[in-house]
>>> print(open('input_3.cif').read())   # mmCIF, C-alpha atoms, pLDDT in the B column; chains and numbers go by the auth columns
data_coords
loop_
_atom_site.group_PDB
_atom_site.id
_atom_site.type_symbol
_atom_site.label_atom_id
_atom_site.label_comp_id
_atom_site.label_asym_id
_atom_site.label_seq_id
_atom_site.Cartn_x
_atom_site.Cartn_y
_atom_site.Cartn_z
_atom_site.B_iso_or_equiv
_atom_site.auth_seq_id
_atom_site.auth_asym_id
ATOM 1 C CA MET A 1 47.929 -80.376 38.003 98.00 1182 A
ATOM 2 C CA VAL A 2 48.961 -84.021 38.200 98.00 1183 A
ATOM 3 C CA ARG A 3 48.979 -86.764 35.589 98.00 1184 A
ATOM 4 C CA ASP A 4 50.393 -90.238 36.221 97.00 1185 A
ATOM 5 C CA ASP A 5 51.878 -89.073 39.557 96.00 1186 A
ATOM 6 C CA GLU A 6 53.797 -86.251 37.815 97.00 1187 A
ATOM 7 C CA ILE A 7 53.224 -82.535 38.364 97.00 1188 A
ATOM 8 C CA ILE A 8 52.507 -81.109 34.913 98.00 1189 A
ATOM 9 C CA GLY A 9 51.338 -77.620 35.838 96.00 1190 A
ATOM 10 C CA TRP A 10 51.446 -75.352 38.863 96.00 1191 A
ATOM 11 C CA ALA A 11 50.312 -71.809 39.584 96.00 1192 A
ATOM 12 C CA SER A 12 49.265 -69.384 42.259 90.00 1193 A
ATOM 13 C CA ASN A 13 46.780 -66.540 42.156 88.00 1194 A
ATOM 14 C CA GLU A 14 48.260 -63.736 40.024 92.00 1195 A
ATOM 15 C CA LYS A 15 45.257 -61.388 39.806 89.00 1196 A
ATOM 16 C CA GLU A 16 47.004 -58.585 41.665 83.00 1197 A
ATOM 17 C CA LEU A 17 50.404 -59.202 40.085 90.00 1198 A
ATOM 18 C CA ARG A 18 49.014 -59.124 36.539 94.00 1199 A
ATOM 19 C CA GLU A 19 46.105 -56.789 37.273 93.00 1200 A
ATOM 20 C CA ASP A 20 43.977 -59.370 35.479 95.00 1201 A
ATOM 21 C CA ALA A 21 40.730 -60.703 36.918 96.00 1202 A
ATOM 22 C CA THR A 22 41.163 -63.957 34.988 97.00 1203 A
ATOM 23 C CA ALA A 23 44.610 -64.779 36.431 97.00 1204 A
ATOM 24 C CA HIS A 24 43.262 -67.256 38.973 97.00 1205 A
ATOM 25 C CA ALA A 25 45.604 -70.084 39.940 96.00 1206 A
ATOM 26 C CA GLU A 26 43.271 -72.665 38.407 98.00 1207 A
ATOM 27 C CA MET A 27 43.183 -70.907 35.032 98.00 1208 A
ATOM 28 C CA LEU A 28 46.961 -70.521 34.891 98.00 1209 A
ATOM 29 C CA ALA A 29 47.584 -74.101 36.020 98.00 1210 A
ATOM 30 C CA MET A 30 45.262 -75.483 33.334 98.00 1211 A
ATOM 31 C CA GLN A 31 47.004 -73.397 30.674 98.00 1212 A
ATOM 32 C CA ARG A 32 50.399 -74.670 31.771 98.00 1213 A
ATOM 33 C CA ALA A 33 49.247 -78.289 31.950 98.00 1214 A
ATOM 34 C CA ALA A 34 47.730 -78.056 28.465 98.00 1215 A
ATOM 35 C CA ARG A 35 50.932 -76.523 27.132 98.00 1216 A
ATOM 36 C CA HIS A 36 52.984 -79.276 28.787 98.00 1217 A
ATOM 37 C CA LEU A 37 50.769 -82.011 27.309 98.00 1218 A
ATOM 38 C CA GLY A 38 50.363 -80.339 23.930 98.00 1219 A
ATOM 39 C CA LYS A 39 46.579 -80.704 24.101 98.00 1220 A
ATOM 40 C CA TRP A 40 43.662 -78.876 25.659 98.00 1221 A
ATOM 41 C CA ARG A 41 41.783 -81.955 26.880 98.00 1222 A
ATOM 42 C CA LEU A 42 42.753 -82.694 30.472 98.00 1223 A
ATOM 43 C CA SER A 43 40.595 -85.765 31.008 98.00 1224 A
ATOM 44 C CA ASP A 44 43.422 -87.776 32.587 98.00 1225 A
ATOM 45 C CA VAL A 45 44.572 -84.934 34.853 98.00 1226 A
ATOM 46 C CA THR A 46 43.782 -84.163 38.503 98.00 1227 A
ATOM 47 C CA MET A 47 43.794 -80.581 39.749 98.00 1228 A
ATOM 48 C CA TYR A 48 44.576 -79.930 43.418 97.00 1229 A
ATOM 49 C CA CYS A 49 43.355 -76.585 44.815 95.00 1230 A
ATOM 50 C CA THR A 50 43.396 -74.884 48.166 93.00 1231 A
ATOM 51 C CA LEU A 51 39.990 -73.255 47.612 93.00 1232 A
ATOM 52 C CA GLU A 52 36.845 -74.394 45.836 96.00 1233 A
ATOM 53 C CA PRO A 53 36.856 -72.884 42.326 97.00 1234 A
ATOM 54 C CA CYS A 54 34.705 -69.970 41.251 97.00 1235 A
ATOM 55 C CA ALA A 55 32.248 -70.133 38.333 98.00 1236 A
ATOM 56 C CA MET A 56 34.851 -68.945 35.793 98.00 1237 A
ATOM 57 C CA CYS A 57 37.362 -71.613 36.814 98.00 1238 A
ATOM 58 C CA ALA A 58 34.711 -74.318 37.150 98.00 1239 A
ATOM 59 C CA GLY A 59 33.456 -73.522 33.651 98.00 1240 A
ATOM 60 C CA ALA A 60 36.991 -73.747 32.285 98.00 1241 A
ATOM 61 C CA MET A 61 37.412 -77.128 34.013 98.00 1242 A
ATOM 62 C CA VAL A 62 34.310 -78.436 32.264 98.00 1243 A
ATOM 63 C CA ASN A 63 35.486 -77.032 28.922 98.00 1244 A
ATOM 64 C CA ALA A 64 38.950 -78.568 29.400 98.00 1245 A
ATOM 65 C CA ARG A 65 37.307 -81.919 30.246 98.00 1246 A
ATOM 66 C CA LEU A 66 39.254 -82.039 33.530 98.00 1247 A
ATOM 67 C CA GLY A 67 39.215 -85.554 34.947 98.00 1248 A
ATOM 68 C CA ARG A 68 39.255 -84.825 38.663 98.00 1249 A
ATOM 69 C CA LEU A 69 39.257 -81.882 41.060 98.00 1250 A
ATOM 70 C CA VAL A 70 40.491 -82.100 44.658 98.00 1251 A
ATOM 71 C CA PHE A 71 40.163 -79.087 46.944 97.00 1252 A
ATOM 72 C CA GLY A 72 40.513 -78.270 50.610 95.00 1253 A
ATOM 73 C CA ALA A 73 38.297 -75.382 51.666 93.00 1254 A
ATOM 74 C CA GLY A 74 34.830 -74.708 50.364 94.00 1255 A
ATOM 75 C CA ASP A 75 33.899 -71.184 49.327 93.00 1256 A
ATOM 76 C CA PRO A 76 30.465 -70.173 50.670 93.00 1257 A
ATOM 77 C CA LYS A 77 30.648 -66.828 48.816 94.00 1258 A
ATOM 78 C CA ALA A 78 31.653 -67.922 45.299 95.00 1259 A
ATOM 79 C CA GLY A 79 32.107 -71.696 45.206 96.00 1260 A
ATOM 80 C CA ALA A 80 30.964 -73.384 42.000 97.00 1261 A
ATOM 81 C CA ALA A 81 31.775 -76.992 42.920 97.00 1262 A
ATOM 82 C CA GLY A 82 29.096 -77.571 45.520 96.00 1263 A
ATOM 83 C CA SER A 83 28.919 -74.570 47.880 95.00 1264 A
ATOM 84 C CA ILE A 84 26.713 -72.114 45.992 96.00 1265 A
ATOM 85 C CA PHE A 85 26.070 -74.270 42.954 95.00 1266 A
ATOM 86 C CA ASP A 86 27.740 -77.230 41.319 97.00 1267 A
ATOM 87 C CA LEU A 87 28.832 -76.263 37.830 97.00 1268 A
ATOM 88 C CA VAL A 88 31.515 -78.966 37.561 97.00 1269 A
ATOM 89 C CA ARG A 89 28.915 -81.735 37.984 97.00 1270 A
ATOM 90 C CA PHE A 90 25.906 -80.097 36.338 97.00 1271 A
ATOM 91 C CA PRO A 91 24.127 -82.866 34.415 96.00 1272 A
ATOM 92 C CA GLY A 92 23.018 -80.546 31.602 96.00 1273 A
ATOM 93 C CA LEU A 93 26.605 -79.924 30.479 96.00 1274 A
ATOM 94 C CA ASN A 94 28.626 -82.121 28.142 95.00 1275 A
ATOM 95 C CA HIS A 95 31.161 -83.089 30.836 97.00 1276 A
ATOM 96 C CA GLN A 96 31.147 -83.579 34.585 97.00 1277 A
ATOM 97 C CA VAL A 97 34.277 -83.414 36.733 98.00 1278 A
ATOM 98 C CA GLU A 98 34.830 -85.929 39.526 98.00 1279 A
ATOM 99 C CA ILE A 99 35.468 -84.061 42.792 97.00 1280 A
ATOM 100 C CA THR A 100 36.892 -84.732 46.239 97.00 1281 A
ATOM 101 C CA THR A 101 36.404 -82.030 48.860 94.00 1282 A
ATOM 102 C CA GLY A 102 37.661 -81.199 52.330 89.00 1283 A
ATOM 103 C CA VAL A 103 41.228 -82.472 51.893 91.00 1284 A
ATOM 104 C CA LEU A 104 43.393 -80.727 54.537 91.00 1285 A
ATOM 105 C CA GLU A 105 40.512 -78.305 54.958 89.00 1286 A
ATOM 106 C CA ARG A 106 41.773 -76.606 58.151 91.00 1287 A
ATOM 107 C CA GLU A 107 45.283 -76.115 56.738 91.00 1288 A
ATOM 108 C CA CYS A 108 43.891 -74.746 53.485 90.00 1289 A
ATOM 109 C CA ALA A 109 41.652 -72.305 55.369 87.00 1290 A
ATOM 110 C CA GLU A 110 44.681 -71.059 57.335 90.00 1291 A
ATOM 111 C CA ILE A 111 46.718 -70.540 54.144 86.00 1292 A
ATOM 112 C CA LEU A 112 43.842 -68.582 52.605 85.00 1293 A
ATOM 113 C CA SER A 113 43.332 -66.453 55.710 84.00 1294 A
ATOM 114 C CA SER A 114 47.014 -65.518 55.692 86.00 1295 A
ATOM 115 C CA PHE A 115 46.960 -64.773 51.947 79.00 1296 A
ATOM 116 C CA PHE A 116 43.981 -62.432 52.207 79.00 1297 A
ATOM 117 C CA ALA A 117 45.314 -60.744 55.361 83.00 1298 A
ATOM 118 C CA ASP A 118 48.524 -59.924 53.468 79.00 1299 A
ATOM 119 C CA LEU A 119 46.518 -58.669 50.507 75.00 1300 A
ATOM 120 C CA ARG A 120 44.310 -56.426 52.664 81.00 1301 A
ATOM 121 C CA ARG A 121 47.320 -55.100 54.576 82.00 1302 A
ATOM 122 C CA ASP A 122 49.430 -53.888 51.682 71.00 1303 A
ATOM 123 C CA GLY A 123 47.759 -54.825 48.402 66.00 1304 A
ATOM 124 C CA ARG A 124 50.058 -57.754 47.693 61.00 1305 A
ATOM 125 C CA VAL A 125 50.983 -61.110 49.063 55.00 1306 A
ATOM 126 C CA GLY A 126 54.082 -60.930 51.259 48.00 1307 A
ATOM 127 C CA ARG A 127 55.424 -64.349 50.287 45.00 1308 A
ATOM 128 C CA ARG A 128 57.641 -64.947 47.309 46.00 1309 A
ATOM 129 C CA ARG A 129 56.246 -67.162 44.607 46.00 1310 A
ATOM 130 C CA SER A 130 57.830 -70.611 44.772 44.00 1311 A
ATOM 131 C CA THR A 131 59.125 -72.337 41.667 43.00 1312 A
ATOM 132 C CA ARG A 132 59.520 -75.693 43.388 45.00 1313 A
ATOM 133 C CA ASN A 133 58.010 -78.513 41.309 45.00 1314 A
ATOM 134 C CA ARG A 134 56.861 -75.967 38.753 44.00 1315 A
ATOM 135 C CA VAL A 135 56.389 -77.074 35.159 47.00 1316 A
ATOM 136 C CA GLY A 136 55.516 -75.065 32.094 46.00 1317 A
ATOM 137 C CA GLY A 137 55.527 -71.487 33.111 44.00 1318 A
#
>>> encode(input="input_3.cif", output="structure tokens")
Amino acid sequence: MVRDDEIIGWASNEKELREDATAHAEMLAMQRAARHLGKWRLSDVTMYCTLEPCAMCAGAMVNARLGRLVFGAGDPKAGAAGSIFDLVRFPGLNHQVEITTGVLERECAEILSSFFADLRRDGRVGRRRSTRNRVGG
């Protein structure tokens, strides 16, 4: 989560760690950014993601009035920002999020493949969670 060239929130997927289906990186990052800013409206914030958000995260982005979403890899199984449907830009909703897709797509796909291979192998991700540039949580 970036505002005025400053990282204001950062997270990784913690579903397995927390045993919580809602602990997606996007959800946690938005919570931390809102806490950092002291407001829930994120209209002047850009979120950078490795993977296209799911419907839950896309809905939260609309509700948080996120200004911009940038992601690398599309998600043909659950993507809600253009792959399966486009919730973040649905004209019937009260807010639409500006999006940029395909940024470092190959690199993002490799990171995701490694993440899920680790998860399938032993039920957890083998890498330690980084706290570099982490704000608010």
>>> residues_around(input="input_3.cif", residues="Ser1264 (chain A)", least_positions_apart="6", cutoff="7 Å", atoms="all atoms listed in the file", output="VMD selection string")
chain A and resid 1255 to 1257
>>> closest_residue(input="input_3.cif", among="A:Ile1292, A:Ile1188, A:Val1183, A:Ala1236", to="Gly1253 (chain A)", atoms="only C-alpha atoms")
A:Ile1292
>>> closest_residue(input="input_3.cif", among="A:Leu1232, A:Ala1214, A:Ala1262, A:Ala1245", to="Glu1288 (chain A)", atoms="only C-alpha atoms")
A:Leu1232
>>> closest_residue(input="input_3.cif", among="A:Ile1189, A:Ala1298, A:Val1278, A:Leu1247", to="Arg1216 (chain A)", atoms="only C-alpha atoms")
A:Ile1189
>>> atom_distance(input="input_3.cif", atom1="CA of Ala1261 (chain A)", atom2="CA of Cys1289 (chain A)")
17.3 Å
>>> atom_distance(input="input_3.cif", atom1="CA of Gly1190 (chain A)", atom2="CA of Ile1280 (chain A)")
18.5 Å
>>> atom_distance(input="input_3.cif", atom1="CA of Asp1185 (chain A)", atom2="CA of Val1226 (chain A)")
8.0 Å
>>> residues_near_point(input="input_3.cif", point="(42.3, -73.2, 37.3)", cutoff="6 Å", atoms="all atoms listed in the file", output="VMD selection string")
chain A and resid 1206 to 1211 1238
